[in-house]
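Since the structure comes first, as structure tokens, the remarks are kept for the end.
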Amino acid sequence: MRRTIDWGDGSVVIIDQTALPGEFRLLELDTVAGLVDAVQRLAVRGAPALGAAGALGVALSAHQDRDVRRDAELLATARPTAVNLAWGVERALGKLAQGKDAVLAEALAVLDEDEHLNKTASKHAAEVVLAECPRRPLRLLSHCNAGRLATVGWGSALGVVWHLHEQGLVEEVLVDETRPLLQGARLTAWELAQAQVPYRVQPDGAAAAAMARGMVDCVLVGADRIAANGDVANKIGTYGLAIAAKHHEIPFVVVAPSSTVDSKLADGAGITIEERDAGELTEHTPEGARAFNPAFDVTPFDLITAVVTEEGIFRGEGRSRDRRRSP
Ligand code: MRU
């Protein structure tokens, strides 16, 4: 399986996520400006993949003997919410004094670690799901894309599906289409189809109704930034899902590598939420319609059953009393 993002011969090579599912194509980015543009257009996206993009971008700048600190600033601020982007930039930048080969080696280390960390985090999370959800096989609900495409390899929340599917435990995944850029309908559905996991797409607005009808055993989502108190920023709509899951006493599990934890941030109130262009929403509106288009929201930790990283399981209050198990 090809990595979502990798180092080419003096360039950064990405799977172009704007072309999927219609076309699988690679983009070879040989300028930092091109990589920043790809990040902003969501040709490469998802918090862990953005961490890799940040690190590789710094390596590209060093490789071309550019003003690396200036490029690092442009890369780190290309999108504001996923902390992994600045984290990846900082990791590679930390080796600048040792020369460009050391910078590239550090960027490649970020990539090499990614799959292992996500596999470990999603394995821990699969254990949480199995402990929290008595029904077999499982009906899981996914929002946005937290799969291979959102990481370098394997995936975080969708990584849990891969572990459970390997054990024959998945009945179906309900895939929120994820308005307005359709990361669920285009990317998660594509990954599930490739892996031959049964799935159905649904409009985001159907998620609460699916829970009310008893169609969901567990909600699984990734994260873009996790504050020290466990509050989680993730794709817009995640907060509403968590409220609905709590109401219906359905476990709500967040899965991410520890590079998504921003321990300097006390709680979710301090997370900068990216607001995107109105044009993403106004295709069907009257001429001149204005729009509110936040790309992310913040889910308080008390709505979350567990935040799971490769380092362990952090339990919240978002689960029903009768489903409580000791960790
Ligand atoms: O705007 P996107 O597509 O970059 O948003 C991605 C998400 O919200 C993902 O859920 C998150 O980055 C976790 S990916 C493992």
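If you're wondering about the labels, chains in the structure tokens are A, B, ... by order shown, residues count from 1 in each chain, ligands from 1 in order shown.
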
inquiry  = Excluding Pro294 of chain A and its own-chain neighbours fewer than 5 positions away, which residues fall within 10 Å of it when counting only C-alpha atoms? Please give them as a PyMOL selection string.
reply    = chain A and resi 235-237+273-278

Dump of C-alpha atoms for the selected residues, as a PDB file, in the first residue's frame:
ATOM      1  CA  LYS A 235     -14.179  17.909  11.747  1.00  0.00           C
ATOM      2  CA  ILE A 236     -17.277  20.113  11.975  1.00  0.00           C
ATOM      3  CA  GLY A 237     -20.209  18.000  13.123  1.00  0.00           C
ATOM      4  CA  ILE A 273     -10.927  26.941  14.384  1.00  0.00           C
ATOM      5  CA  GLU A 274     -10.266  27.273  10.654  1.00  0.00           C
ATOM      6  CA  GLU A 275     -13.048  29.090   8.783  1.00  0.00           C
ATOM      7  CA  ARG A 276     -13.168  28.210   5.126  1.00  0.00           C
ATOM      8  CA  ASP A 277     -14.375  30.038   2.061  1.00  0.00           C
ATOM      9  CA  ALA A 278     -18.117  30.634   1.657  1.00  0.00           C
TER      10      ALA A 278
END

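By chain and then residue number, the residues within 7 Å of segment 79-82 of chain A are Gln40, Ala47, Asp224, Arg225, Ile271, Thr272, Ile273 and Glu274 of chain A, counting only C-alpha atoms and disregarding those fewer than 6 positions away in sequence.
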
Residue with the minimum atom-to-atom distance to Ala157 of chain A, picked from A:His247, A:Asp297, A:Val307, A:Ala105 with only C-alpha atoms counted, is A:Val307

With the cut-off set at 9 Å and counting only C-alpha atoms, tabulate each residue of segment 88-122 of chain A with an atom at most that distance from an atom of segment 252-266 of chain A, showing the nearest atom pair and its distance in Å to one decimal, ordered by chain and increasing number, as a Markdown table.
| residue | atom | partner | partner_atom | distance |
| --- | --- | --- | --- | --- |
| A:Gly88 | CA | A:Ser259 | CA | 8.6 |
| A:Asp114 | CA | A:Pro257 | CA | 8.0 |
| A:Leu117 | CA | A:Pro257 | CA | 6.0 |
| A:Asn118 | CA | A:Pro257 | CA | 5.8 |
| A:Thr120 | CA | A:Pro257 | CA | 8.7 |
| A:Ala121 | CA | A:Pro257 | CA | 6.4 |
| A:Ser122 | CA | A:Val255 | CA | 6.4 |

inquiry  = Taking only C-alpha atoms and all ligand atoms and a cut-off of 6 Å, can you tell me which residues surround ligand 1, written as a count of residues only?
reply    = 16

Practice task
Run DSSP on the backbone and grab whatever in segment 80-305 of chain A lands in helix (DSSP H, G or I); send it over as a PyMOL selection string.
Solution key: chain A and resi 83-93+96-98+100-132+148-150+157-166+183-194+204-212+238-247+258-260+268-270+278-280+301-303

Leaving out Ala210 of chain A and any residue of its chain fewer than 4 positions from it, which residues lie within 12 Å of it when counting only C-alpha atoms, given as a PDB file with C-alpha atoms, in the first residue's frame?
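As a result, out-v9.pdb now contains:
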ATOM      1  CA  ARG A 139     -22.222  -1.318  13.670  1.00  0.00           C
ATOM      2  CA  LEU A 140     -19.814   1.631  13.707  1.00  0.00           C
ATOM      3  CA  LEU A 141     -20.312   5.264  12.760  1.00  0.00           C
ATOM      4  CA  VAL A 173     -19.811   1.211   8.961  1.00  0.00           C
ATOM      5  CA  LEU A 174     -22.217   4.110   8.609  1.00  0.00           C
ATOM      6  CA  VAL A 175     -20.204   6.807   6.868  1.00  0.00           C
ATOM      7  CA  ASP A 176     -21.192  10.433   7.434  1.00  0.00           C
ATOM      8  CA  ARG A 200     -23.373   2.797   3.803  1.00  0.00           C
ATOM      9  CA  VAL A 201     -22.982   6.537   3.375  1.00  0.00           C
ATOM     10  CA  GLN A 202     -25.479   8.805   5.051  1.00  0.00           C
ATOM     11  CA  PRO A 203     -26.058  12.549   5.155  1.00  0.00           C
ATOM     12  CA  ASP A 204     -24.500  14.046   8.288  1.00  0.00           C
ATOM     13  CA  GLY A 205     -28.007  14.985   9.411  1.00  0.00           C
ATOM     14  CA  ALA A 206     -29.022  11.302   9.523  1.00  0.00           C
ATOM     15  CA  GLY A 214     -30.604   1.538  17.283  1.00  0.00           C
ATOM     16  CA  MET A 215     -28.367   1.259  14.209  1.00  0.00           C
ATOM     17  CA  VAL A 216     -25.111   2.368  15.884  1.00  0.00           C
ATOM     18  CA  ASP A 217     -23.031   0.522  18.501  1.00  0.00           C
ATOM     19  CA  CYS A 218     -20.134   2.983  18.657  1.00  0.00           C
ATOM     20  CA  VAL A 219     -19.006   6.298  17.163  1.00  0.00           C
ATOM     21  CA  LEU A 241     -22.429  13.578  17.076  1.00  0.00           C
ATOM     22  CA  ALA A 244     -26.397  12.659  20.165  1.00  0.00           C
ATOM     23  CA  ALA A 245     -24.254   9.688  21.245  1.00  0.00           C
ATOM     24  CA  HIS A 248     -28.531   7.621  23.203  1.00  0.00           C
ATOM     25  CA  ILE A 250     -23.659   5.125  22.712  1.00  0.00           C
TER      26      ILE A 250
END

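Residue-level DSSP output for segment 107-251 of chain A, from the backbone, shows strand (DSSP E) at Leu138, Arg139, Leu140, Leu141, Ser142, Val170, Glu171, Glu172, Val173, Leu174, Val175, Asp176, Tyr199, Arg200, Val201, Gln202, Cys218, Val219, Leu220, Val221, Arg225, Ile226, Ala227, Val232, Ala233, Asn234 and Lys235 of chain A.
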
C-alpha atoms of the current selection, written as an mmCIF file, in the first residue's frame:
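File written: again.cif
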data_model
loop_
_atom_site.group_PDB
_atom_site.id
_atom_site.type_symbol
_atom_site.label_atom_id
_atom_site.label_comp_id
_atom_site.auth_asym_id
_atom_site.auth_seq_id
_atom_site.Cartn_x
_atom_site.Cartn_y
_atom_site.Cartn_z
ATOM 1 C CA LEU A 138 -20.474 -4.241 15.383
ATOM 2 C CA ARG A 139 -22.222 -1.318 13.670
ATOM 3 C CA LEU A 140 -19.814 1.631 13.707
ATOM 4 C CA LEU A 141 -20.312 5.264 12.760
ATOM 5 C CA SER A 142 -17.510 7.267 11.156
ATOM 6 C CA VAL A 170 -17.718 -5.516 11.691
ATOM 7 C CA GLU A 171 -21.282 -5.710 10.374
ATOM 8 C CA GLU A 172 -21.228 -2.274 8.769
ATOM 9 C CA VAL A 173 -19.811 1.211 8.961
ATOM 10 C CA LEU A 174 -22.217 4.110 8.609
ATOM 11 C CA VAL A 175 -20.204 6.807 6.868
ATOM 12 C CA ASP A 176 -21.192 10.433 7.434
ATOM 13 C CA TYR A 199 -20.581 0.371 4.580
ATOM 14 C CA ARG A 200 -23.373 2.797 3.803
ATOM 15 C CA VAL A 201 -22.982 6.537 3.375
ATOM 16 C CA GLN A 202 -25.479 8.805 5.051
ATOM 17 C CA CYS A 218 -20.134 2.983 18.657
ATOM 18 C CA VAL A 219 -19.006 6.298 17.163
ATOM 19 C CA LEU A 220 -15.331 6.455 16.125
ATOM 20 C CA VAL A 221 -13.631 9.725 15.205
ATOM 21 C CA ARG A 225 -6.018 18.883 18.361
ATOM 22 C CA ILE A 226 -6.542 17.502 21.849
ATOM 23 C CA ALA A 227 -6.232 19.926 24.776
ATOM 24 C CA VAL A 232 -11.096 17.483 21.185
ATOM 25 C CA ALA A 233 -11.140 19.572 18.006
ATOM 26 C CA ASN A 234 -12.207 17.532 14.985
ATOM 27 C CA LYS A 235 -14.179 17.909 11.747
#

Have a look at A:Pro286, A:Ala62, A:Ala291, A:Arg148 and name the one nearest to Gln98 of chain A; count only C-alpha atoms.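 Nearest to Gln98 of chain A: A:Ala62.
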
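Residues in contact with segment 18-32 of chain A at 8 Å, where only C-alpha atoms are counted and same-chain residues fewer than 4 positions away are skipped, are listed as Gly8, Gly10, Ser11, Val12, Val13, Ile14, Val36, Arg41, Leu42, Ala43, Gly57, Leu60, Ser61, Asp71, Leu75, Arg186, Leu187 and Trp190 of chain A.
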
Would you mind exporting the chosen residues as a tab-separated table (two decimals), in the first residue's frame, restricted to all heavy atoms?
chain	number	residue	atom	x	y	z
A	8	GLY	N	10.07	12.17	-2.50
A	8	GLY	CA	10.51	11.68	-3.80
A	8	GLY	C	11.98	12.04	-3.96
A	8	GLY	O	12.68	12.28	-2.97
A	10	GLY	N	13.96	14.62	-4.23
A	10	GLY	CA	13.99	16.09	-4.18
A	10	GLY	C	12.62	16.73	-4.27
A	10	GLY	O	12.51	17.91	-4.60
A	11	SER	N	11.58	15.98	-4.01
A	11	SER	CA	10.23	16.56	-4.01
A	11	SER	C	9.37	15.82	-2.97
A	11	SER	O	9.78	14.80	-2.42
A	11	SER	CB	9.59	16.44	-5.39
A	11	SER	OG	9.40	15.07	-5.70
A	12	VAL	N	8.18	16.38	-2.72
A	12	VAL	CA	7.22	15.73	-1.83
A	12	VAL	C	6.13	15.14	-2.72
A	12	VAL	O	5.54	15.85	-3.54
A	12	VAL	CB	6.63	16.75	-0.83
A	12	VAL	CG1	5.59	16.07	0.06
A	12	VAL	CG2	7.74	17.36	0.03
A	13	VAL	N	5.89	13.84	-2.57
A	13	VAL	CA	4.91	13.17	-3.42
A	13	VAL	C	3.68	12.83	-2.58
A	13	VAL	O	3.79	12.20	-1.52
A	13	VAL	CB	5.51	11.87	-4.03
A	13	VAL	CG1	4.49	11.19	-4.94
A	13	VAL	CG2	6.79	12.18	-4.78
A	14	ILE	N	2.52	13.26	-3.05
A	14	ILE	CA	1.28	12.99	-2.30
A	14	ILE	C	0.25	12.30	-3.20
A	14	ILE	O	0.28	12.45	-4.43
A	14	ILE	CB	0.65	14.29	-1.73
A	14	ILE	CG1	0.24	15.26	-2.86
A	14	ILE	CG2	1.58	14.98	-0.75
A	14	ILE	CD1	-0.65	16.40	-2.39
A	36	VAL	N	2.35	24.17	0.31
A	36	VAL	CA	1.42	24.97	1.12
A	36	VAL	C	0.06	25.02	0.42
A	36	VAL	O	-0.99	24.84	1.04
A	36	VAL	CB	1.98	26.40	1.35
A	36	VAL	CG1	0.92	27.34	1.91
A	36	VAL	CG2	3.19	26.34	2.30
A	41	ARG	N	-5.64	23.41	-0.15
A	41	ARG	CA	-6.72	22.88	-1.02
A	41	ARG	C	-7.19	21.51	-0.56
A	41	ARG	O	-8.06	20.90	-1.18
A	41	ARG	CB	-6.20	22.74	-2.47
A	41	ARG	CG	-5.94	24.00	-3.21
A	41	ARG	CD	-5.60	23.74	-4.67
A	41	ARG	NE	-4.43	22.90	-4.87
A	41	ARG	CZ	-4.47	21.63	-5.30
A	41	ARG	NH1	-5.63	21.05	-5.61
A	41	ARG	NH2	-3.35	20.93	-5.46
A	42	LEU	N	-6.56	20.98	0.51
A	42	LEU	CA	-6.89	19.66	1.04
A	42	LEU	C	-6.52	18.53	0.07
A	42	LEU	O	-7.13	17.45	0.08
A	42	LEU	CB	-8.36	19.56	1.45
A	42	LEU	CG	-8.72	20.01	2.87
A	42	LEU	CD1	-8.25	21.42	3.19
A	42	LEU	CD2	-10.19	19.88	3.14
A	43	ALA	N	-5.52	18.79	-0.80
A	43	ALA	CA	-5.00	17.70	-1.63
A	43	ALA	C	-4.27	16.71	-0.73
A	43	ALA	O	-4.22	15.51	-0.98
A	43	ALA	CB	-4.06	18.25	-2.70
A	57	GLY	N	8.07	19.41	4.23
A	57	GLY	CA	8.19	20.76	3.66
A	57	GLY	C	9.47	21.44	4.12
A	57	GLY	O	10.17	22.09	3.34
A	60	LEU	N	12.29	19.87	2.29
A	60	LEU	CA	12.33	20.36	0.91
A	60	LEU	C	13.02	21.73	0.86
A	60	LEU	O	13.89	21.98	0.00
A	60	LEU	CB	10.90	20.45	0.35
A	60	LEU	CG	10.74	20.92	-1.08
A	60	LEU	CD1	11.39	19.93	-2.05
A	60	LEU	CD2	9.24	21.07	-1.43
A	61	SER	N	12.65	22.58	1.79
A	61	SER	CA	13.24	23.92	1.84
A	61	SER	C	14.75	23.84	2.09
A	61	SER	O	15.54	24.51	1.42
A	61	SER	CB	12.55	24.72	2.96
A	61	SER	OG	13.16	25.97	3.10
A	71	ASP	N	10.22	29.58	5.41
A	71	ASP	CA	9.36	28.54	4.84
A	71	ASP	C	8.64	27.76	5.96
A	71	ASP	O	7.47	27.39	5.83
A	71	ASP	CB	10.18	27.56	4.00
A	71	ASP	CG	10.52	28.13	2.63
A	71	ASP	OD1	9.88	29.15	2.24
A	71	ASP	OD2	11.40	27.58	1.95
A	75	LEU	N	4.67	27.08	6.30
A	75	LEU	CA	4.13	25.72	6.39
A	75	LEU	C	3.30	25.56	7.67
A	75	LEU	O	2.18	25.05	7.64
A	75	LEU	CB	5.27	24.70	6.38
A	75	LEU	CG	5.96	24.51	5.03
A	75	LEU	CD1	7.37	23.95	5.22
A	75	LEU	CD2	5.12	23.58	4.14
A	186	ARG	N	-16.38	10.63	-0.13
A	186	ARG	CA	-15.36	10.41	-1.17
A	186	ARG	C	-14.22	9.51	-0.69
A	186	ARG	O	-13.83	8.57	-1.38
A	186	ARG	CB	-14.76	11.76	-1.63
A	186	ARG	CG	-15.76	12.69	-2.31
A	186	ARG	CD	-15.08	13.91	-2.93
A	186	ARG	NE	-14.32	14.68	-1.96
A	186	ARG	CZ	-12.99	14.68	-1.86
A	186	ARG	NH1	-12.25	13.98	-2.68
A	186	ARG	NH2	-12.40	15.42	-0.94
A	187	LEU	N	-13.71	9.79	0.50
A	187	LEU	CA	-12.44	9.16	0.92
A	187	LEU	C	-12.65	7.96	1.84
A	187	LEU	O	-12.07	6.89	1.62
A	187	LEU	CB	-11.55	10.22	1.60
A	187	LEU	CG	-11.32	11.50	0.78
A	187	LEU	CD1	-10.54	12.52	1.59
A	187	LEU	CD2	-10.60	11.19	-0.53
A	190	TRP	N	-14.25	5.24	-0.08
A	190	TRP	CA	-13.26	4.64	-1.00
A	190	TRP	C	-12.36	3.65	-0.26
A	190	TRP	O	-12.13	2.53	-0.72
A	190	TRP	CB	-12.43	5.76	-1.64
A	190	TRP	CG	-11.41	5.27	-2.62
A	190	TRP	CD1	-11.63	4.87	-3.91
A	190	TRP	CD2	-10.00	5.13	-2.40
A	190	TRP	NE1	-10.45	4.49	-4.50
A	190	TRP	CE2	-9.44	4.64	-3.60
A	190	TRP	CE3	-9.16	5.39	-1.31
A	190	TRP	CZ2	-8.06	4.40	-3.74
A	190	TRP	CZ3	-7.80	5.15	-1.44
A	190	TRP	CH2	-7.27	4.66	-2.65

From the list A:Ala242, A:Asp231, A:Gly288, A:Asp302, the nearest residue to Ala269 of chain A using only C-alpha atoms is A:Asp231

Shortest contact to Gln194 of chain A, candidates A:Ala295, A:Leu56, A:Met1, A:Ala306, atoms counted only C-alpha atoms, goes to A:Met1

Across A:Val44, A:Leu50, A:Ala55, A:Leu164, the smallest distance to His124 of chain A, with only C-alpha atoms counted, is shown by A:Leu164

Between atom CA of Leu182 of chain A and atom CA of Glu283 of chain A, what is the spacing in Å?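 The value is 14.2 Å.
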
Tell me which protein, DNA and RNA residues are within 12 Å of Ala109 of chain A, counting only C-alpha atoms, leaving out same-chain ones fewer than 4 positions away, and put them as a CSV table (one decimal) with C-alpha atoms, in the first residue's frame.
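The result, stored in result-v5.csv:
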chain,number,residue,atom,x,y,z
A,6,ASP,CA,6.4,10.5,0.9
A,7,TRP,CA,9.7,12.0,-0.1
A,51,GLY,CA,2.4,16.5,10.4
A,52,ALA,CA,4.3,14.6,7.7
A,55,ALA,CA,8.3,17.9,8.3
A,56,LEU,CA,8.8,17.1,4.6
A,59,ALA,CA,13.2,19.1,4.4
A,88,GLY,CA,6.0,18.2,12.2
A,91,ARG,CA,10.6,18.4,14.6
A,92,ALA,CA,12.4,18.8,11.3
A,95,LYS,CA,17.7,19.4,13.2
A,102,ALA,CA,19.8,15.6,9.3
A,103,VAL,CA,16.6,17.5,8.5
A,104,LEU,CA,15.5,15.0,5.9
A,105,ALA,CA,16.4,12.1,8.2
A,113,GLU,CA,6.8,6.3,13.0
A,114,ASP,CA,3.4,7.3,11.8
A,115,GLU,CA,2.0,3.9,10.8
A,116,HIS,CA,3.3,2.1,14.0
A,152,VAL,CA,1.0,8.3,6.3
